[in-house]
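Below: structure.pdb (PDB, N, CA and C atoms)
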```pdb
ATOM      1  N   GLU A   1    -148.219  89.592 133.806
ATOM      2  CA  GLU A   1    -149.425  89.334 134.567
ATOM      3  C   GLU A   1    -149.834  90.636 135.234
ATOM      4  N   PHE A   2    -151.026  91.139 134.883
ATOM      5  CA  PHE A   2    -151.554  92.343 135.510
ATOM      6  C   PHE A   2    -152.319  91.908 136.751
ATOM      7  N   ALA A   3    -151.850  92.277 137.921
ATOM      8  CA  ALA A   3    -152.419  91.777 139.162
ATOM      9  C   ALA A   3    -152.873  92.873 140.116
ATOM     10  N   VAL A   4    -152.995  94.118 139.665
ATOM     11  CA  VAL A   4    -153.431  95.200 140.543
ATOM     12  C   VAL A   4    -154.887  94.943 140.936
ATOM     13  N   PRO A   5    -155.172  94.799 142.238
ATOM     14  CA  PRO A   5    -156.540  94.482 142.656
ATOM     15  C   PRO A   5    -157.553  95.507 142.146
ATOM     16  N   PRO A   6    -158.709  95.078 141.714
ATOM     17  CA  PRO A   6    -159.222  93.716 141.760
ATOM     18  C   PRO A   6    -158.757  92.851 140.583
ATOM     19  N   ALA A   7    -157.936  93.375 139.684
ATOM     20  CA  ALA A   7    -157.327  92.621 138.579
ATOM     21  C   ALA A   7    -158.362  91.894 137.721
ATOM     22  N   LEU A   8    -159.447  92.577 137.430
ATOM     23  CA  LEU A   8    -160.477  92.002 136.567
ATOM     24  C   LEU A   8    -160.108  92.173 135.097
ATOM     25  N   HIS A   9    -160.673  91.334 134.264
ATOM     26  CA  HIS A   9    -160.434  91.413 132.822
ATOM     27  C   HIS A   9    -160.786  92.819 132.333
ATOM     28  N   GLY A  10    -159.877  93.438 131.635
ATOM     29  CA  GLY A  10    -160.099  94.774 131.094
ATOM     30  C   GLY A  10    -159.604  95.904 131.973
ATOM     31  N   ASN A  11    -159.303  95.627 133.246
ATOM     32  CA  ASN A  11    -158.808  96.685 134.134
ATOM     33  C   ASN A  11    -157.466  97.248 133.687
ATOM     34  N   ASP A  12    -156.745  96.484 132.875
ATOM     35  CA  ASP A  12    -155.410  96.910 132.446
ATOM     36  C   ASP A  12    -155.437  97.914 131.297
ATOM     37  N   VAL A  13    -156.559  98.055 130.597
ATOM     38  CA  VAL A  13    -156.620  98.891 129.391
ATOM     39  C   VAL A  13    -156.209 100.327 129.670
ATOM     40  N   VAL A  14    -156.670 100.910 130.762
ATOM     41  CA  VAL A  14    -156.344 102.300 131.062
ATOM     42  C   VAL A  14    -154.848 102.473 131.365
ATOM     43  N   PHE A  15    -154.165 101.386 131.716
ATOM     44  CA  PHE A  15    -152.728 101.461 131.947
ATOM     45  C   PHE A  15    -151.949 101.419 130.633
ATOM     46  N   TYR A  16    -152.500 100.748 129.617
ATOM     47  CA  TYR A  16    -151.867 100.764 128.288
ATOM     48  C   TYR A  16    -151.995 102.148 127.664
ATOM     49  N   PHE A  17    -153.172 102.738 127.855
ATOM     50  CA  PHE A  17    -153.503 104.026 127.239
ATOM     51  C   PHE A  17    -153.978 104.997 128.321
ATOM     52  N   PRO A  18    -153.066 105.514 129.133
ATOM     53  CA  PRO A  18    -153.455 106.353 130.271
ATOM     54  C   PRO A  18    -154.319 107.553 129.902
ATOM     55  N   SER A  19    -154.119 108.117 128.718
ATOM     56  CA  SER A  19    -154.905 109.302 128.350
ATOM     57  C   SER A  19    -156.297 108.940 127.831
ATOM     58  N   SER A  20    -156.617 107.630 127.740
ATOM     59  CA  SER A  20    -157.920 107.216 127.230
ATOM     60  C   SER A  20    -159.033 107.377 128.259
ATOM     61  N   SER A  21    -158.672 107.567 129.496
ATOM     62  CA  SER A  21    -159.664 107.724 130.560
ATOM     63  C   SER A  21    -159.637 109.164 131.061
ATOM     64  N   PRO A  22    -160.822 109.769 131.238
ATOM     65  CA  PRO A  22    -160.831 111.148 131.732
ATOM     66  C   PRO A  22    -160.213 111.296 133.122
ATOM     67  N   THR A  23    -160.222 110.228 133.906
ATOM     68  CA  THR A  23    -159.648 110.296 135.250
ATOM     69  C   THR A  23    -158.273 109.651 135.331
ATOM     70  N   GLY A  24    -157.824 108.992 134.246
ATOM     71  CA  GLY A  24    -156.531 108.325 134.248
ATOM     72  C   GLY A  24    -156.591 107.001 134.985
ATOM     73  N   PRO A  25    -155.458 106.328 135.113
ATOM     74  CA  PRO A  25    -155.423 105.046 135.824
ATOM     75  C   PRO A  25    -155.819 105.215 137.289
ATOM     76  N   PRO A  26    -156.448 104.187 137.867
ATOM     77  CA  PRO A  26    -156.865 104.284 139.270
ATOM     78  C   PRO A  26    -155.705 104.290 140.257
ATOM     79  N   VAL A  27    -154.520 103.902 139.804
ATOM     80  CA  VAL A  27    -153.329 103.924 140.647
ATOM     81  C   VAL A  27    -152.544 105.180 140.299
ATOM     82  N   ASN A  28    -152.386 106.057 141.263
ATOM     83  CA  ASN A  28    -151.696 107.312 141.023
ATOM     84  C   ASN A  28    -150.208 107.146 141.323
ATOM     85  N   ASN A  29    -149.537 106.359 140.469
ATOM     86  CA  ASN A  29    -148.110 106.124 140.655
ATOM     87  C   ASN A  29    -147.461 106.177 139.277
ATOM     88  N   THR A  30    -146.816 107.278 138.978
ATOM     89  CA  THR A  30    -146.234 107.509 137.653
ATOM     90  C   THR A  30    -145.232 106.431 137.280
ATOM     91  N   ASP A  31    -144.405 105.978 138.239
ATOM     92  CA  ASP A  31    -143.426 104.938 137.939
ATOM     93  C   ASP A  31    -144.104 103.656 137.463
ATOM     94  N   PHE A  32    -145.186 103.269 138.137
ATOM     95  CA  PHE A  32    -145.905 102.057 137.750
ATOM     96  C   PHE A  32    -146.551 102.217 136.377
ATOM     97  N   VAL A  33    -147.266 103.302 136.175
ATOM     98  CA  VAL A  33    -147.959 103.537 134.907
ATOM     99  C   VAL A  33    -146.960 103.552 133.749
ATOM    100  N   ASN A  34    -145.847 104.248 133.911
ATOM    101  CA  ASN A  34    -144.833 104.302 132.854
ATOM    102  C   ASN A  34    -144.208 102.928 132.599
ATOM    103  N   ALA A  35    -143.915 102.194 133.650
ATOM    104  CA  ALA A  35    -143.314 100.868 133.487
ATOM    105  C   ALA A  35    -144.254  99.935 132.733
ATOM    106  N   PHE A  36    -145.516  99.945 133.091
ATOM    107  CA  PHE A  36    -146.487  99.058 132.449
ATOM    108  C   PHE A  36    -146.665  99.415 130.977
ATOM    109  N   ALA A  37    -146.948 100.669 130.704
ATOM    110  CA  ALA A  37    -147.204 101.093 129.322
ATOM    111  C   ALA A  37    -145.951 100.962 128.456
ATOM    112  N   GLN A  38    -144.800 101.373 128.976
ATOM    113  CA  GLN A  38    -143.582 101.357 128.176
ATOM    114  C   GLN A  38    -143.062  99.951 127.906
ATOM    115  N   SER A  39    -143.373  98.996 128.772
ATOM    116  CA  SER A  39    -142.920  97.634 128.498
ATOM    117  C   SER A  39    -143.548  97.112 127.212
ATOM    118  N   PHE A  40    -144.805  97.419 127.013
ATOM    119  CA  PHE A  40    -145.474  96.976 125.786
ATOM    120  C   PHE A  40    -145.071  97.826 124.587
ATOM    121  N   THR A  41    -144.904  99.111 124.801
ATOM    122  CA  THR A  41    -144.453  99.982 123.712
ATOM    123  C   THR A  41    -143.066  99.556 123.239
ATOM    124  N   SER A  42    -142.190  99.244 124.170
ATOM    125  CA  SER A  42    -140.844  98.797 123.811
ATOM    126  C   SER A  42    -140.894  97.495 123.015
ATOM    127  N   PHE A  43    -141.778  96.593 123.412
ATOM    128  CA  PHE A  43    -141.907  95.337 122.670
ATOM    129  C   PHE A  43    -142.455  95.593 121.263
ATOM    130  N   ILE A  44    -143.443  96.445 121.153
ATOM    131  CA  ILE A  44    -144.034  96.752 119.845
ATOM    132  C   ILE A  44    -142.989  97.367 118.913
ATOM    133  N   LEU A  45    -142.226  98.301 119.421
ATOM    134  CA  LEU A  45    -141.252  98.999 118.576
ATOM    135  C   LEU A  45    -139.975  98.203 118.315
ATOM    136  N   ASN A  46    -139.534  97.421 119.291
ATOM    137  CA  ASN A  46    -138.231  96.763 119.192
ATOM    138  C   ASN A  46    -138.290  95.235 119.237
ATOM    139  N   LEU A  47    -139.486  94.687 119.443
ATOM    140  CA  LEU A  47    -139.664  93.246 119.646
ATOM    141  C   LEU A  47    -138.869  92.745 120.846
ATOM    142  N   ASP A  48    -138.589  93.650 121.773
ATOM    143  CA  ASP A  48    -137.835  93.313 122.974
ATOM    144  C   ASP A  48    -138.159  94.347 124.058
ATOM    145  N   PRO A  49    -138.852  93.939 125.128
ATOM    146  CA  PRO A  49    -139.199  94.907 126.176
ATOM    147  C   PRO A  49    -137.989  95.443 126.924
ATOM    148  N   ASN A  50    -136.815  94.810 126.739
ATOM    149  CA  ASN A  50    -135.599  95.295 127.392
ATOM    150  C   ASN A  50    -134.956  96.458 126.643
ATOM    151  N   GLN A  51    -135.327  96.678 125.397
ATOM    152  CA  GLN A  51    -134.854  97.846 124.647
ATOM    153  C   GLN A  51    -135.872  98.953 124.869
ATOM    154  N   LYS A  52    -135.739  99.608 125.991
ATOM    155  CA  LYS A  52    -136.744 100.568 126.442
ATOM    156  C   LYS A  52    -136.746 101.844 125.610
ATOM    157  N   VAL A  53    -137.958 102.372 125.396
ATOM    158  CA  VAL A  53    -138.095 103.642 124.685
ATOM    159  C   VAL A  53    -137.891 104.811 125.637
ATOM    160  N   SER A  54    -137.998 104.534 126.934
ATOM    161  CA  SER A  54    -137.670 105.524 127.959
ATOM    162  C   SER A  54    -137.298 104.755 129.224
ATOM    163  N   ASP A  55    -136.628 105.424 130.146
ATOM    164  CA  ASP A  55    -136.234 104.765 131.388
ATOM    165  C   ASP A  55    -137.460 104.449 132.232
ATOM    166  N   THR A  56    -137.507 103.223 132.745
ATOM    167  CA  THR A  56    -138.585 102.813 133.645
ATOM    168  C   THR A  56    -138.003 101.952 134.752
ATOM    169  N   ILE A  57    -138.842 101.602 135.702
ATOM    170  CA  ILE A  57    -138.415 100.757 136.816
ATOM    171  C   ILE A  57    -138.549  99.273 136.502
ATOM    172  N   THR A  58    -138.998  98.911 135.308
ATOM    173  CA  THR A  58    -139.149  97.505 134.953
ATOM    174  C   THR A  58    -137.771  96.837 134.913
ATOM    175  N   PRO A  59    -137.608  95.747 135.663
ATOM    176  CA  PRO A  59    -136.315  95.050 135.658
ATOM    177  C   PRO A  59    -136.111  94.292 134.345
ATOM    178  N   PRO A  60    -134.924  93.738 134.112
ATOM    179  CA  PRO A  60    -134.703  92.942 132.900
ATOM    180  C   PRO A  60    -135.741  91.826 132.787
ATOM    181  N   TRP A  61    -136.165  91.587 131.564
ATOM    182  CA  TRP A  61    -137.263  90.670 131.285
ATOM    183  C   TRP A  61    -136.737  89.548 130.416
ATOM    184  N   ALA A  62    -136.615  88.333 130.984
ATOM    185  CA  ALA A  62    -136.131  87.178 130.227
ATOM    186  C   ALA A  62    -137.201  86.693 129.253
ATOM    187  N   LYS A  63    -136.771  86.019 128.181
ATOM    188  CA  LYS A  63    -137.729  85.442 127.246
ATOM    189  C   LYS A  63    -138.561  84.396 127.963
ATOM    190  N   TYR A  64    -139.806  84.235 127.502
ATOM    191  CA  TYR A  64    -140.735  83.312 128.158
ATOM    192  C   TYR A  64    -140.188  81.884 128.198
ATOM    193  N   ASN A  65    -139.495  81.484 127.141
ATOM    194  CA  ASN A  65    -139.026  80.101 127.101
ATOM    195  C   ASN A  65    -137.873  79.835 128.073
ATOM    196  N   VAL A  66    -137.451  80.831 128.816
ATOM    197  CA  VAL A  66    -136.459  80.647 129.872
ATOM    198  C   VAL A  66    -137.213  80.506 131.188
ATOM    199  N   ASN A  67    -137.424  79.279 131.626
ATOM    200  CA  ASN A  67    -138.123  78.986 132.892
ATOM    201  C   ASN A  67    -139.555  79.518 132.946
ATOM    202  N   ASN A  68    -140.234  79.611 131.794
ATOM    203  CA  ASN A  68    -141.625  80.105 131.764
ATOM    204  C   ASN A  68    -141.746  81.457 132.462
ATOM    205  N   THR A  69    -140.841  82.350 132.141
ATOM    206  CA  THR A  69    -140.769  83.649 132.805
ATOM    207  C   THR A  69    -141.818  84.613 132.257
ATOM    208  N   GLU A  70    -142.482  85.285 133.167
ATOM    209  CA  GLU A  70    -143.366  86.393 132.812
ATOM    210  C   GLU A  70    -143.111  87.521 133.808
ATOM    211  N   MET A  71    -143.608  88.706 133.506
ATOM    212  CA  MET A  71    -143.401  89.849 134.388
ATOM    213  C   MET A  71    -144.684  90.102 135.168
ATOM    214  N   LEU A  72    -144.547  90.267 136.470
ATOM    215  CA  LEU A  72    -145.671  90.595 137.341
ATOM    216  C   LEU A  72    -145.739  92.112 137.483
ATOM    217  N   PHE A  73    -146.908  92.679 137.233
ATOM    218  CA  PHE A  73    -147.168  94.100 137.456
ATOM    219  C   PHE A  73    -148.236  94.184 138.533
ATOM    220  N   ASN A  74    -147.833  94.571 139.740
ATOM    221  CA  ASN A  74    -148.748  94.629 140.869
ATOM    222  C   ASN A  74    -148.398  95.837 141.726
ATOM    223  N   MET A  75    -149.213  96.080 142.727
ATOM    224  CA  MET A  75    -148.977  97.163 143.685
ATOM    225  C   MET A  75    -149.036  96.582 145.086
ATOM    226  N   THR A  76    -148.220  97.109 145.989
ATOM    227  CA  THR A  76    -148.259  96.683 147.384
ATOM    228  C   THR A  76    -149.455  97.342 148.072
ATOM    229  N   ALA A  77    -149.727  96.921 149.291
ATOM    230  CA  ALA A  77    -150.839  97.480 150.056
ATOM    231  C   ALA A  77    -150.690  98.984 150.267
ATOM    232  N   ASP A  78    -149.445  99.473 150.303
ATOM    233  CA  ASP A  78    -149.231 100.914 150.476
ATOM    234  C   ASP A  78    -148.975 101.622 149.137
ATOM    235  N   ALA A  79    -149.501 101.027 148.043
ATOM    236  CA  ALA A  79    -149.507 101.627 146.696
ATOM    237  C   ALA A  79    -148.126 101.823 146.084
ATOM    238  N   GLN A  80    -147.191 100.952 146.426
ATOM    239  CA  GLN A  80    -145.872 100.986 145.804
ATOM    240  C   GLN A  80    -145.815  99.935 144.692
ATOM    241  N   PRO A  81    -145.115 100.210 143.603
ATOM    242  CA  PRO A  81    -145.028  99.236 142.517
ATOM    243  C   PRO A  81    -144.352  97.940 142.964
ATOM    244  N   ASP A  82    -144.911  96.839 142.516
ATOM    245  CA  ASP A  82    -144.323  95.513 142.711
ATOM    246  C   ASP A  82    -144.193  94.909 141.318
ATOM    247  N   ILE A  83    -143.066  95.168 140.680
ATOM    248  CA  ILE A  83    -142.824  94.731 139.310
ATOM    249  C   ILE A  83    -141.593  93.842 139.329
ATOM    250  N   ARG A  84    -141.796  92.562 138.959
ATOM    251  CA  ARG A  84    -140.695  91.609 139.029
ATOM    252  C   ARG A  84    -140.990  90.402 138.158
ATOM    253  N   PRO A  85    -139.923  89.725 137.711
ATOM    254  CA  PRO A  85    -140.151  88.502 136.939
ATOM    255  C   PRO A  85    -140.644  87.386 137.851
ATOM    256  N   ILE A  86    -141.549  86.585 137.323
ATOM    257  CA  ILE A  86    -142.058  85.419 138.049
ATOM    258  C   ILE A  86    -142.087  84.240 137.086
ATOM    259  N   GLN A  87    -142.251  83.058 137.634
ATOM    260  CA  GLN A  87    -142.375  81.852 136.831
ATOM    261  C   GLN A  87    -143.863  81.499 136.749
ATOM    262  N   THR A  88    -144.340  81.240 135.542
ATOM    263  CA  THR A  88    -145.748  80.890 135.356
ATOM    264  C   THR A  88    -146.068  79.628 136.137
ATOM    265  N   ASP A  89    -147.190  79.657 136.833
ATOM    266  CA  ASP A  89    -147.649  78.532 137.651
ATOM    267  C   ASP A  89    -147.817  77.269 136.804
ATOM    268  N   GLY A  90    -147.246  76.164 137.257
ATOM    269  CA  GLY A  90    -147.323  74.896 136.531
ATOM    270  C   GLY A  90    -148.752  74.418 136.334
ATOM    271  N   GLY A  91    -149.607  74.620 137.355
ATOM    272  CA  GLY A  91    -151.007  74.230 137.224
ATOM    273  C   GLY A  91    -151.713  74.998 136.122
ATOM    274  N   LEU A  92    -151.409  76.271 135.997
ATOM    275  CA  LEU A  92    -151.986  77.078 134.924
ATOM    276  C   LEU A  92    -151.533  76.567 133.560
ATOM    277  N   LEU A  93    -150.257  76.248 133.451
ATOM    278  CA  LEU A  93    -149.737  75.715 132.186
ATOM    279  C   LEU A  93    -150.431  74.412 131.813
ATOM    280  N   GLU A  94    -150.682  73.542 132.808
ATOM    281  CA  GLU A  94    -151.395  72.287 132.538
ATOM    282  C   GLU A  94    -152.819  72.541 132.067
ATOM    283  N   ARG A  95    -153.522  73.449 132.744
ATOM    284  CA  ARG A  95    -154.906  73.751 132.351
ATOM    285  C   ARG A  95    -154.968  74.333 130.950
ATOM    286  N   CYS A  96    -153.999  75.184 130.607
ATOM    287  CA  CYS A  96    -154.002  75.809 129.287
ATOM    288  C   CYS A  96    -153.604  74.833 128.181
ATOM    289  N   ALA A  97    -152.825  73.818 128.544
ATOM    290  CA  ALA A  97    -152.399  72.837 127.539
ATOM    291  C   ALA A  97    -153.606  72.030 127.084
TER
END
```
Would you kindly transcribe this structure into structure tokens?
Amino acid sequence: EFAVPPALHGNDVVFYFPSSSPTGPPVNNTDFVNAFAQSFTSFILNLDPNQKVSDTITPPWAKYNVNNTEMLFNMTADAQPDIRPIQTDGGLLERCA
């Protein structure tokens, strides 16, 4: 879940491809940018985001079918990374069903 405010649709693209924007991601935090981009790169290359292609601050990531687990990528008010596993909201799961 990409939740960096304002967390609008498409705001995450520059984090997947940091060099695609002339100004780079709006969050100037290398640990966050690397964790976000590398989690997807690791999944693409290894089919497992836990088999990291480089060291990042992303914690272990359980499979979704274990308690509806997803990873939250957010920033605190003082621009520190807030990256942690969360459980998908039951109401959201009902609406999507």
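Here the PyMOL selection byres (((chain A and resi 4 and name CA) around 8) and name CA) matches the residues Phe2, Ala3, Pro5, Pro6, Ala7, Phe73, Asn74 and Met75 of chain A.
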Translate the PyMOL selection byres (((chain A and resi 51-66 and name CA) around 8) and name CA) into a concrete residue list for this structure, as a compact mmCIF listing (two decimals) with N, CA and C atoms, in the frame of the given file.
```txt
# COMPACT_ATOMS: atom_id res chain seq x y z
N ASP A 31 -144.40 105.98 138.24
CA ASP A 31 -143.43 104.94 137.94
C ASP A 31 -144.10 103.66 137.46
N PHE A 32 -145.19 103.27 138.14
CA PHE A 32 -145.90 102.06 137.75
C PHE A 32 -146.55 102.22 136.38
N ASN A 34 -145.85 104.25 133.91
CA ASN A 34 -144.83 104.30 132.85
C ASN A 34 -144.21 102.93 132.60
N ALA A 35 -143.92 102.19 133.65
CA ALA A 35 -143.31 100.87 133.49
C ALA A 35 -144.25 99.94 132.73
N PHE A 36 -145.52 99.94 133.09
CA PHE A 36 -146.49 99.06 132.45
C PHE A 36 -146.66 99.42 130.98
N GLN A 38 -144.80 101.37 128.98
CA GLN A 38 -143.58 101.36 128.18
C GLN A 38 -143.06 99.95 127.91
N SER A 39 -143.37 99.00 128.77
CA SER A 39 -142.92 97.63 128.50
C SER A 39 -143.55 97.11 127.21
N THR A 41 -144.90 99.11 124.80
CA THR A 41 -144.45 99.98 123.71
C THR A 41 -143.07 99.56 123.24
N SER A 42 -142.19 99.24 124.17
CA SER A 42 -140.84 98.80 123.81
C SER A 42 -140.89 97.50 123.02
N PHE A 43 -141.78 96.59 123.41
CA PHE A 43 -141.91 95.34 122.67
C PHE A 43 -142.46 95.59 121.26
N ASN A 46 -139.53 97.42 119.29
CA ASN A 46 -138.23 96.76 119.19
C ASN A 46 -138.29 95.24 119.24
N ASP A 48 -138.59 93.65 121.77
CA ASP A 48 -137.84 93.31 122.97
C ASP A 48 -138.16 94.35 124.06
N PRO A 49 -138.85 93.94 125.13
CA PRO A 49 -139.20 94.91 126.18
C PRO A 49 -137.99 95.44 126.92
N ASN A 50 -136.82 94.81 126.74
CA ASN A 50 -135.60 95.30 127.39
C ASN A 50 -134.96 96.46 126.64
N ASN A 67 -137.42 79.28 131.63
CA ASN A 67 -138.12 78.99 132.89
C ASN A 67 -139.56 79.52 132.95
N ASN A 68 -140.23 79.61 131.79
CA ASN A 68 -141.62 80.10 131.76
C ASN A 68 -141.75 81.46 132.46
N THR A 69 -140.84 82.35 132.14
CA THR A 69 -140.77 83.65 132.80
C THR A 69 -141.82 84.61 132.26
N GLU A 70 -142.48 85.28 133.17
CA GLU A 70 -143.37 86.39 132.81
C GLU A 70 -143.11 87.52 133.81
N MET A 71 -143.61 88.71 133.51
CA MET A 71 -143.40 89.85 134.39
C MET A 71 -144.68 90.10 135.17
N ILE A 83 -143.07 95.17 140.68
CA ILE A 83 -142.82 94.73 139.31
C ILE A 83 -141.59 93.84 139.33
N ARG A 84 -141.80 92.56 138.96
CA ARG A 84 -140.70 91.61 139.03
C ARG A 84 -140.99 90.40 138.16
N PRO A 85 -139.92 89.72 137.71
CA PRO A 85 -140.15 88.50 136.94
C PRO A 85 -140.64 87.39 137.85
```
Next item on the list: Run DSSP on the backbone of this structure and report the residues of chain A it assigns to strand (DSSP E or B), as a PyMOL selection string.
Entry: chain A and resi 2+69-75+81-87
Check: In Å to one decimal, how far is atom C of A:Phe40 from atom N of A:Leu93?
Finding: 23.9 Å
Checklist line | Residues near A:Ala79, cut-off 8 Å, all atoms listed in the file, skip fewer than 5 positions along chain, as a PyMOL selection string | finding: chain A and resi 27-29+74
